[in-house]
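**Q** Provided herewith: upload-v2.pdb, PDB, C-alpha atoms and all ligand atoms.
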ATOM      1  CA  MET A  44    -164.343 -37.288 134.499
ATOM      2  CA  PRO A  45    -165.211 -37.335 138.242
ATOM      3  CA  ARG A  46    -163.870 -34.301 140.016
ATOM      4  CA  PHE A  47    -161.500 -36.258 142.297
ATOM      5  CA  LEU A  48    -159.862 -37.850 139.237
ATOM      6  CA  LYS A  49    -159.272 -34.428 137.788
ATOM      7  CA  LEU A  50    -157.572 -33.481 141.013
ATOM      8  CA  VAL A  51    -155.392 -36.580 140.920
ATOM      9  CA  GLN A  52    -154.483 -35.841 137.313
ATOM     10  CA  LEU A  53    -153.630 -32.252 138.158
ATOM     11  CA  LEU A  54    -151.477 -33.308 141.097
ATOM     12  CA  ILE A  55    -149.577 -35.738 138.904
ATOM     13  CA  LEU A  56    -149.041 -33.104 136.235
ATOM     14  CA  VAL A  57    -147.709 -30.646 138.770
ATOM     15  CA  LEU A  58    -145.869 -32.902 141.184
ATOM     16  CA  VAL A  59    -144.086 -35.244 138.796
ATOM     17  CA  PRO A  60    -142.162 -32.524 136.952
ATOM     18  CA  LEU A  61    -141.466 -30.850 140.295
ATOM     19  CA  ALA A  62    -140.088 -34.084 141.749
ATOM     20  CA  PHE A  63    -137.954 -34.503 138.661
ATOM     21  CA  LEU A  64    -136.589 -30.989 138.959
ATOM     22  CA  VAL A  65    -135.816 -31.487 142.642
ATOM     23  CA  SER A  66    -134.081 -34.827 142.149
ATOM     24  CA  ARG A  67    -131.951 -33.552 139.264
ATOM     25  CA  GLY A  68    -131.418 -30.257 141.035
ATOM     26  CA  GLN A  69    -129.716 -31.696 144.103
ATOM     27  CA  GLY A  70    -126.561 -32.689 142.356
ATOM     28  CA  SER A  71    -126.995 -30.616 139.263
ATOM     29  CA  LYS A  72    -124.620 -27.797 139.967
ATOM     30  CA  THR A  73    -121.729 -29.459 141.733
ATOM     31  CA  LEU A  74    -118.956 -31.802 140.823
ATOM     32  CA  LEU A  75    -117.850 -34.247 143.544
ATOM     33  CA  VAL A  76    -114.306 -35.582 143.680
ATOM     34  CA  ALA A  77    -113.784 -37.991 146.601
ATOM     35  CA  TYR A  78    -110.335 -39.288 147.495
ATOM     36  CA  TYR A  79    -111.218 -42.453 149.393
ATOM     37  CA  ASP A  80    -109.370 -43.588 152.474
ATOM     38  CA  VAL A  81    -108.633 -47.147 151.354
ATOM     39  CA  GLY A  82    -105.324 -47.598 153.175
ATOM     40  CA  GLN A  83    -102.156 -47.903 151.102
ATOM     41  CA  GLY A  84    -103.464 -47.408 147.566
ATOM     42  CA  ASP A  85    -105.633 -45.153 145.420
ATOM     43  CA  ALA A  86    -109.394 -45.044 144.838
ATOM     44  CA  ILE A  87    -110.969 -41.820 143.627
ATOM     45  CA  PHE A  88    -114.648 -41.330 142.879
ATOM     46  CA  ILE A  89    -116.005 -38.579 140.645
ATOM     47  CA  ARG A  90    -119.686 -37.664 140.251
ATOM     48  CA  THR A  91    -120.201 -34.945 137.671
ATOM     49  CA  PRO A  92    -123.055 -32.420 137.885
ATOM     50  CA  SER A  93    -125.169 -34.571 135.524
ATOM     51  CA  GLU A  94    -124.392 -37.652 137.663
ATOM     52  CA  TYR A  95    -121.904 -39.328 135.348
ATOM     53  CA  ASP A  96    -120.012 -41.579 137.764
ATOM     54  CA  ILE A  97    -116.326 -42.359 137.414
ATOM     55  CA  LEU A  98    -114.030 -44.466 139.602
ATOM     56  CA  ILE A  99    -110.272 -44.140 139.203
ATOM     57  CA  ASP A 100    -108.590 -47.225 140.731
ATOM     58  CA  GLY A 101    -110.024 -49.444 143.459
ATOM     59  CA  GLY A 102    -107.446 -49.585 146.250
ATOM     60  CA  PRO A 103    -105.861 -52.723 147.742
ATOM     61  CA  ASP A 104    -109.026 -54.523 148.934
ATOM     62  CA  ASN A 105    -112.819 -54.214 148.986
ATOM     63  CA  ALA A 106    -112.855 -51.169 151.333
ATOM     64  CA  VAL A 107    -113.824 -49.182 148.236
ATOM     65  CA  LEU A 108    -117.320 -50.762 148.298
ATOM     66  CA  ALA A 109    -118.286 -49.123 151.610
ATOM     67  CA  GLU A 110    -116.999 -45.787 150.314
ATOM     68  CA  LEU A 111    -118.986 -46.081 147.074
ATOM     69  CA  ALA A 112    -122.094 -46.976 149.068
ATOM     70  CA  HIS A 113    -121.696 -43.653 150.867
ATOM     71  CA  ASP A 114    -121.679 -41.625 147.639
ATOM     72  CA  LEU A 115    -124.116 -43.574 145.468
ATOM     73  CA  PRO A 116    -127.828 -43.963 146.180
ATOM     74  CA  LEU A 117    -128.773 -47.502 147.335
ATOM     75  CA  ASN A 118    -130.484 -48.379 144.062
ATOM     76  CA  ASP A 119    -127.667 -47.029 141.894
ATOM     77  CA  ARG A 120    -125.455 -49.944 140.897
ATOM     78  CA  THR A 121    -123.923 -48.355 137.821
ATOM     79  CA  LEU A 122    -120.563 -46.739 137.264
ATOM     80  CA  ASP A 123    -120.339 -45.075 133.881
ATOM     81  CA  LEU A 124    -116.575 -45.315 133.712
ATOM     82  CA  VAL A 125    -113.832 -47.142 135.606
ATOM     83  CA  VAL A 126    -110.199 -46.172 135.030
ATOM     84  CA  LEU A 127    -107.322 -48.456 136.022
ATOM     85  CA  THR A 128    -104.212 -46.256 136.121
ATOM     86  CA  HIS A 129    -101.852 -49.253 136.246
ATOM     87  CA  PRO A 130    -102.109 -52.862 137.426
ATOM     88  CA  HIS A 131    -100.241 -52.732 140.773
ATOM     89  CA  ALA A 132    -102.323 -54.432 143.471
ATOM     90  CA  ASP A 133    -102.825 -51.229 145.518
ATOM     91  CA  HIS A 134    -104.784 -49.784 142.558
ATOM     92  CA  LEU A 135    -106.323 -52.886 141.035
ATOM     93  CA  THR A 136    -107.452 -55.391 143.689
ATOM     94  CA  GLY A 137    -110.510 -53.419 144.895
ATOM     95  CA  LEU A 138    -111.731 -53.090 141.303
ATOM     96  CA  LEU A 139    -112.441 -56.838 141.176
ATOM     97  CA  SER A 140    -115.115 -56.418 143.891
ATOM     98  CA  VAL A 141    -116.371 -53.344 142.037
ATOM     99  CA  LEU A 142    -116.876 -55.372 138.842
ATOM    100  CA  ASP A 143    -118.736 -57.984 140.920
ATOM    101  CA  ARG A 144    -121.040 -55.451 142.504
ATOM    102  CA  TYR A 145    -121.553 -52.760 139.877
ATOM    103  CA  HIS A 146    -122.539 -52.544 136.257
ATOM    104  CA  VAL A 147    -119.633 -50.761 134.566
ATOM    105  CA  GLY A 148    -120.293 -48.861 131.339
ATOM    106  CA  ARG A 149    -116.713 -48.583 130.106
ATOM    107  CA  ILE A 150    -113.156 -49.253 131.252
ATOM    108  CA  ILE A 151    -110.114 -47.164 130.406
ATOM    109  CA  GLU A 152    -106.718 -48.720 131.083
ATOM    110  CA  SER A 153    -103.221 -48.675 129.643
ATOM    111  CA  GLY A 154    -103.325 -52.381 128.758
ATOM    112  CA  VAL A 155     -99.658 -52.690 129.785
ATOM    113  CA  SER A 156     -98.351 -56.236 130.081
ATOM    114  CA  TYR A 157     -97.997 -57.415 133.692
ATOM    115  CA  SER A 158     -98.263 -60.960 134.982
ATOM    116  CA  THR A 159    -100.194 -61.295 138.192
ATOM    117  CA  ALA A 160    -103.166 -63.502 138.987
ATOM    118  CA  THR A 161    -105.201 -60.394 139.892
ATOM    119  CA  TYR A 162    -104.555 -58.711 136.533
ATOM    120  CA  THR A 163    -105.509 -61.914 134.687
ATOM    121  CA  GLU A 164    -108.698 -62.141 136.768
ATOM    122  CA  TRP A 165    -109.462 -58.496 135.977
ATOM    123  CA  HIS A 166    -109.208 -59.112 132.241
ATOM    124  CA  SER A 167    -111.354 -62.249 132.347
ATOM    125  CA  ALA A 168    -114.021 -60.444 134.408
ATOM    126  CA  MET A 169    -114.022 -57.606 131.862
ATOM    127  CA  SER A 170    -114.462 -59.961 128.926
ATOM    128  CA  ASP A 171    -117.081 -62.147 130.736
ATOM    129  CA  LYS A 172    -119.137 -59.028 131.362
ATOM    130  CA  GLU A 173    -118.431 -57.690 127.860
ATOM    131  CA  ILE A 174    -117.418 -54.290 129.191
ATOM    132  CA  PRO A 175    -116.162 -51.985 126.417
ATOM    133  CA  ILE A 176    -112.479 -51.104 126.859
ATOM    134  CA  THR A 177    -110.578 -48.057 125.712
ATOM    135  CA  ILE A 178    -106.789 -48.219 125.691
ATOM    136  CA  ALA A 179    -105.682 -44.891 127.132
ATOM    137  CA  LEU A 180    -103.717 -42.582 124.880
ATOM    138  CA  ALA A 181    -102.747 -38.948 125.313
ATOM    139  CA  GLY A 182    -105.141 -36.671 123.434
ATOM    140  CA  GLN A 183    -108.307 -38.664 124.119
ATOM    141  CA  ALA A 184    -111.008 -36.587 125.791
ATOM    142  CA  ILE A 185    -114.443 -36.910 127.327
ATOM    143  CA  ASP A 186    -116.751 -33.906 127.081
ATOM    144  CA  LEU A 187    -119.962 -34.100 129.052
ATOM    145  CA  PRO A 188    -122.954 -31.834 128.352
ATOM    146  CA  ASP A 189    -122.758 -30.601 131.970
ATOM    147  CA  GLY A 190    -119.484 -28.814 131.189
ATOM    148  CA  THR A 191    -117.126 -31.423 132.629
ATOM    149  CA  HIS A 192    -114.089 -31.997 130.426
ATOM    150  CA  ILE A 193    -111.617 -34.838 130.935
ATOM    151  CA  GLU A 194    -108.405 -35.139 128.992
ATOM    152  CA  ILE A 195    -106.004 -38.075 128.952
ATOM    153  CA  LEU A 196    -102.399 -36.821 129.169
ATOM    154  CA  ALA A 197    -100.557 -40.153 129.316
ATOM    155  CA  PRO A 198     -99.502 -42.721 128.190
ATOM    156  CA  ARG A 199     -98.198 -40.867 125.156
ATOM    157  CA  GLU A 200     -97.989 -44.027 123.084
ATOM    158  CA  SER A 201    -100.046 -47.174 123.377
ATOM    159  CA  MET A 202     -98.867 -49.442 126.201
ATOM    160  CA  GLU A 203    -101.178 -52.250 125.082
ATOM    161  CA  GLY A 204     -99.311 -55.534 125.472
ATOM    162  CA  GLN A 205     -96.014 -53.702 126.117
ATOM    163  CA  SER A 206     -93.626 -54.944 128.798
ATOM    164  CA  ILE A 207     -91.883 -52.125 130.609
ATOM    165  CA  SER A 208     -89.567 -52.364 133.584
ATOM    166  CA  ASN A 209     -91.456 -49.864 135.753
ATOM    167  CA  ILE A 210     -95.208 -50.018 135.247
ATOM    168  CA  ASN A 211     -95.705 -46.916 137.432
ATOM    169  CA  ASN A 212     -94.637 -45.104 134.286
ATOM    170  CA  ALA A 213     -97.440 -46.719 132.288
ATOM    171  CA  SER A 214     -99.937 -44.878 134.534
ATOM    172  CA  VAL A 215    -102.984 -43.315 132.917
ATOM    173  CA  VAL A 216    -102.756 -39.588 133.701
ATOM    174  CA  MET A 217    -105.912 -37.465 133.479
ATOM    175  CA  ARG A 218    -106.908 -33.845 133.949
ATOM    176  CA  LEU A 219    -110.510 -32.943 134.708
ATOM    177  CA  THR A 220    -111.846 -29.403 134.426
ATOM    178  CA  TYR A 221    -115.172 -27.987 135.508
ATOM    179  CA  GLY A 222    -115.567 -24.250 135.084
ATOM    180  CA  GLY A 223    -112.547 -22.605 136.631
ATOM    181  CA  THR A 224    -111.627 -25.600 138.780
ATOM    182  CA  SER A 225    -109.406 -28.469 137.724
ATOM    183  CA  PHE A 226    -108.127 -31.764 139.078
ATOM    184  CA  LEU A 227    -105.024 -33.668 138.045
ATOM    185  CA  PHE A 228    -104.777 -37.429 138.571
ATOM    186  CA  THR A 229    -101.335 -38.859 137.923
ATOM    187  CA  GLY A 230    -101.596 -42.397 139.324
ATOM    188  CA  ASP A 231     -98.105 -43.527 140.319
ATOM    189  CA  ALA A 232     -96.315 -41.883 137.359
ATOM    190  CA  GLU A 233     -92.800 -40.857 138.319
ATOM    191  CA  THR A 234     -91.062 -37.539 137.735
ATOM    192  CA  ASP A 235     -89.292 -38.427 134.479
ATOM    193  CA  VAL A 236     -92.685 -39.118 132.897
ATOM    194  CA  LEU A 237     -94.413 -36.229 134.696
ATOM    195  CA  ASP A 238     -91.835 -33.705 133.503
ATOM    196  CA  ASP A 239     -92.284 -34.969 129.915
ATOM    197  CA  ILE A 240     -96.057 -34.491 130.189
ATOM    198  CA  ALA A 241     -95.638 -30.972 131.580
ATOM    199  CA  ALA A 242     -93.394 -30.085 128.639
ATOM    200  CA  THR A 243     -96.167 -30.796 126.125
ATOM    201  CA  HIS A 244     -99.504 -30.410 127.943
ATOM    202  CA  THR A 245    -101.320 -28.022 130.228
ATOM    203  CA  VAL A 246    -101.105 -29.596 133.664
ATOM    204  CA  THR A 247    -102.218 -26.688 135.864
ATOM    205  CA  ALA A 248    -104.741 -27.843 138.433
ATOM    206  CA  THR A 249    -106.570 -26.552 141.475
ATOM    207  CA  VAL A 250    -106.002 -29.947 143.082
ATOM    208  CA  TRP A 251    -103.240 -32.449 142.392
ATOM    209  CA  LYS A 252    -103.453 -36.052 143.586
ATOM    210  CA  VAL A 253     -99.744 -36.387 144.332
ATOM    211  CA  SER A 254     -98.109 -39.170 142.349
ATOM    212  CA  HIS A 255     -97.116 -42.482 143.881
ATOM    213  CA  HIS A 256     -98.428 -41.860 147.410
ATOM    214  CA  GLY A 257     -95.936 -39.085 148.107
ATOM    215  CA  SER A 258     -92.923 -41.191 147.226
ATOM    216  CA  ARG A 259     -89.688 -39.298 146.583
ATOM    217  CA  ASN A 260     -89.889 -40.200 142.875
ATOM    218  CA  GLY A 261     -93.429 -38.813 142.490
ATOM    219  CA  ILE A 262     -92.677 -35.114 142.898
ATOM    220  CA  ASP A 263     -90.120 -32.498 141.929
ATOM    221  CA  ASP A 264     -89.940 -28.706 141.876
ATOM    222  CA  SER A 265     -90.340 -28.319 138.133
ATOM    223  CA  PHE A 266     -93.501 -30.411 137.934
ATOM    224  CA  LEU A 267     -94.993 -28.701 140.967
ATOM    225  CA  ASN A 268     -94.270 -25.329 139.360
ATOM    226  CA  ALA A 269     -96.092 -26.480 136.224
ATOM    227  CA  VAL A 270     -99.152 -27.795 138.081
ATOM    228  CA  ASP A 271     -99.217 -24.869 140.503
ATOM    229  CA  PRO A 272    -101.986 -26.434 142.650
ATOM    230  CA  HIS A 273    -103.846 -24.782 145.515
ATOM    231  CA  TYR A 274    -104.280 -28.167 147.159
ATOM    232  CA  ALA A 275    -102.476 -31.480 147.133
ATOM    233  CA  VAL A 276    -103.926 -34.832 148.167
ATOM    234  CA  ILE A 277    -101.752 -37.758 149.194
ATOM    235  CA  SER A 278    -103.482 -41.135 149.133
ATOM    236  CA  VAL A 279    -101.559 -43.234 151.630
ATOM    237  CA  GLY A 280    -102.025 -45.874 154.346
ATOM    238  CA  GLU A 281    -101.167 -45.176 157.959
ATOM    239  CA  GLY A 282     -97.857 -46.791 158.971
ATOM    240  CA  ASN A 283     -97.342 -48.262 155.475
ATOM    241  CA  ARG A 284     -94.221 -50.360 154.876
ATOM    242  CA  TYR A 285     -92.920 -48.029 152.156
ATOM    243  CA  ASP A 286     -92.725 -45.091 154.570
ATOM    244  CA  HIS A 287     -94.855 -43.023 152.181
ATOM    245  CA  PRO A 288     -95.054 -40.082 152.076
ATOM    246  CA  HIS A 289     -91.348 -39.317 151.908
ATOM    247  CA  PRO A 290     -90.237 -36.369 154.131
ATOM    248  CA  GLU A 291     -88.615 -34.714 151.091
ATOM    249  CA  ALA A 292     -91.887 -34.899 149.148
ATOM    250  CA  LEU A 293     -93.659 -33.206 152.066
ATOM    251  CA  ALA A 294     -90.855 -30.618 152.257
ATOM    252  CA  ILE A 295     -91.293 -29.729 148.559
ATOM    253  CA  LEU A 296     -95.061 -29.269 149.048
ATOM    254  CA  ALA A 297     -94.423 -27.140 152.142
ATOM    255  CA  ALA A 298     -91.806 -25.017 150.365
ATOM    256  CA  HIS A 299     -94.418 -24.233 147.678
ATOM    257  CA  ASN A 300     -97.032 -23.435 150.359
ATOM    258  CA  ILE A 301     -99.458 -26.052 149.059
ATOM    259  CA  GLU A 302    -102.287 -26.946 151.425
ATOM    260  CA  THR A 303    -101.895 -30.723 151.676
ATOM    261  CA  TYR A 304    -104.455 -33.352 152.679
ATOM    262  CA  ARG A 305    -103.625 -36.978 153.475
ATOM    263  CA  THR A 306    -106.042 -39.904 153.544
ATOM    264  CA  ASP A 307    -104.099 -41.495 156.449
ATOM    265  CA  GLN A 308    -104.657 -38.378 158.575
ATOM    266  CA  ASN A 309    -107.836 -36.815 157.163
ATOM    267  CA  GLY A 310    -109.679 -39.989 156.121
ATOM    268  CA  THR A 311    -111.732 -39.735 152.928
ATOM    269  CA  ILE A 312    -111.450 -36.261 151.420
ATOM    270  CA  ARG A 313    -114.507 -35.003 149.532
ATOM    271  CA  MET A 314    -114.180 -31.917 147.355
ATOM    272  CA  ARG A 315    -117.135 -30.230 145.709
ATOM    273  CA  SER A 316    -116.858 -27.676 142.964
ATOM    274  CA  ASP A 317    -119.578 -25.391 141.624
ATOM    275  CA  GLY A 318    -117.229 -24.404 138.831
ATOM    276  CA  THR A 319    -115.844 -21.450 140.769
ATOM    277  CA  THR A 320    -115.490 -22.378 144.409
ATOM    278  CA  LEU A 321    -114.177 -25.539 145.960
ATOM    279  CA  THR A 322    -115.425 -26.844 149.306
ATOM    280  CA  ILE A 323    -113.515 -29.540 151.157
ATOM    281  CA  LYS A 324    -114.805 -31.976 153.748
TER     282      LYS A 324
HETATM  283 ZN    ZN A 401     -99.574 -47.257 144.124
END
Represent the structure from my file as structure tokens, please.
**A**
Amino acid sequence: MPRFLKLVQLLILVLVPLAFLVSRGQGSKTLLVAYYDVGQGDAIFIRTPSEYDILIDGGPDNAVLAELAHDLPLNDRTLDLVVLTHPHADHLTGLLSVLDRYHVGRIIESGVSYSTATYTEWHSAMSDKEIPITIALAGQAIDLPDGTHIEILAPRESMEGQSISNINNASVVMRLTYGGTSFLFTGDAETDVLDDIAATHTVTATVWKVSHHGSRNGIDDSFLNAVDPHYAVISVGEGNRYDHPHPEALAILAAHNIETYRTDQNGTIRMRSDGTTLTIK
């Protein structure tokens, strides 16, 4: 073999594994949880240390696409998991553009019955693209080899095809833990449901995404005592017509000395955890 070829071979042997280590190393020790500023609605992106990508809800329009483009490399058009907490438009509409733009590995939803054109479109897009669906049920869990653990806490019985008067209470509720840090996502579930969950499950969390955009029915003292968060995040649109967050909800958070972030005031909130320490941007 000519000497220069040997050199090329050696460089490849040395540099390729190095490049691999560097590329995996960049994200390999931190978990990202990004609460997107999508106006009045919810859209939360999670990238685990091994780059398993999850989107919880899509917000009220396609603003979520620009946010995702910020967190995902240009050539990465895959989301491993999309969770629809419940089919209200402020959680669902943006997901239609997400299904258009991204390959989605799996969808978790409650499957609750709700008649809107958007929800029908969502289900036909899912079946056209043959995306596997899991109907959320308390007790289901996802364990990733990188140490991320996700547990579904609600619904407690299958909502598939069920008609209920208040679909906020069909919300998929999830708790994610990574090392000593934990994140609770409660969708728009209201306090009667939240208090039931707290009675039967561990809900403690470093960060709680406050239910229902800081509405009065999304928070009470007993649930906040159970979660005992260091931080709260309220996903809410500036000057929204529901007057979210409610002053009493803010007063409860203040009385418990919870450091509270709001997407209408802080914009997108990105939290990174190394399993011990949380940094917030
Ligand atoms: Zn909502």
**Q** So that I can see what lies close to stretch 69-84 of chain A, please list as a list in words the residues with an atom at most 7 Å from it, counting all atoms listed in the file and leaving out residues fewer than 4 positions away in the same chain.
**A** Val65, Phe88, Ile89, Arg90, Thr91, Pro92, Ser93, Gly102, Pro103, Ala106, Val107, Glu110, Asp133, His134, Ser278, Val279, Gly280, Glu281, Asn283, Thr306, Asp307, Gly310, Thr311, Ile312, Arg313, Met314, Arg315, Ser316 and Asp317 of chain A
**Q** I'd like the residues picked by the PyMOL selection byres (((not hetatm)) within 12 of (chain A and resi 401)) written out as an MDAnalysis selection string, using the chain letters and numbers from the file.
**A** chainID A and resid 81:86 100:103 127:136 209:212 214 229:233 252:258 261 277:280 283 285 287:288
**Q** Find the distance between atom CA of A:Asn105 and atom CA of A:Arg144 and write it in Å to one decimal.
**A**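 Spanning atom CA of A:Asn105 to atom CA of A:Arg144 is a straight-line distance of 10.5 Å.
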**Q** Applying 9 Å and only C-alpha atoms, which residues near stretch 190-200 of chain A remain after dropping the ones on its own chain fewer than 2 positions away? List them as JSON, numbers by chain.
**A** {"A": [74, 91, 92, 153, 179, 180, 181, 182, 183, 184, 185, 186, 187, 188, 202, 212, 213, 214, 215, 216, 217, 218, 219, 220, 221, 222, 229, 236, 240, 244, 245, 246]}
**Q** Would you kindly return, as a ChimeraX atom specification, each protein, DNA or RNA residue with an atom no farther than 9 Å from any atom of A:Val270, considering only C-alpha atoms and excluding same-chain residues fewer than 2 positions away?
**A** /A:227,241,245-251,265-268,272
**Q** Under the rule that only C-alpha atoms are counted, which of A:Ser225, A:Thr177, A:Ser208, A:Thr234 is the nearest residue to A:Thr320?
**A**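 Using only C-alpha atoms, A:Thr320 sits closest to A:Ser225.
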**Q** Could you state the separation of atom CA of A:Gln308 and atom CA of A:Leu138 in Å, given to one decimal place?
**A** 23.8 Å
**Q** Excluding stretch 165-172 of chain A and residues on its chain fewer than 2 positions from it, collect all residues at most 10 Å away from it, counting all atoms listed in the file, and give them as a PyMOL selection string.
**A** chain A and resi 130+135-136+138-140+142-143+146-147+149-150+154+159-163+174-176
**Q** Given the file above and the PyMOL selection byres (((chain A and resi 274) around 6) and not hetatm), which residues are selected, and can you give them as a list in words?
**A**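 Answer for the PyMOL selection byres (((chain A and resi 274) around 6) and not hetatm): Val250, Pro272, His273, Ala275, Ile301, Glu302 and Thr303 of chain A.
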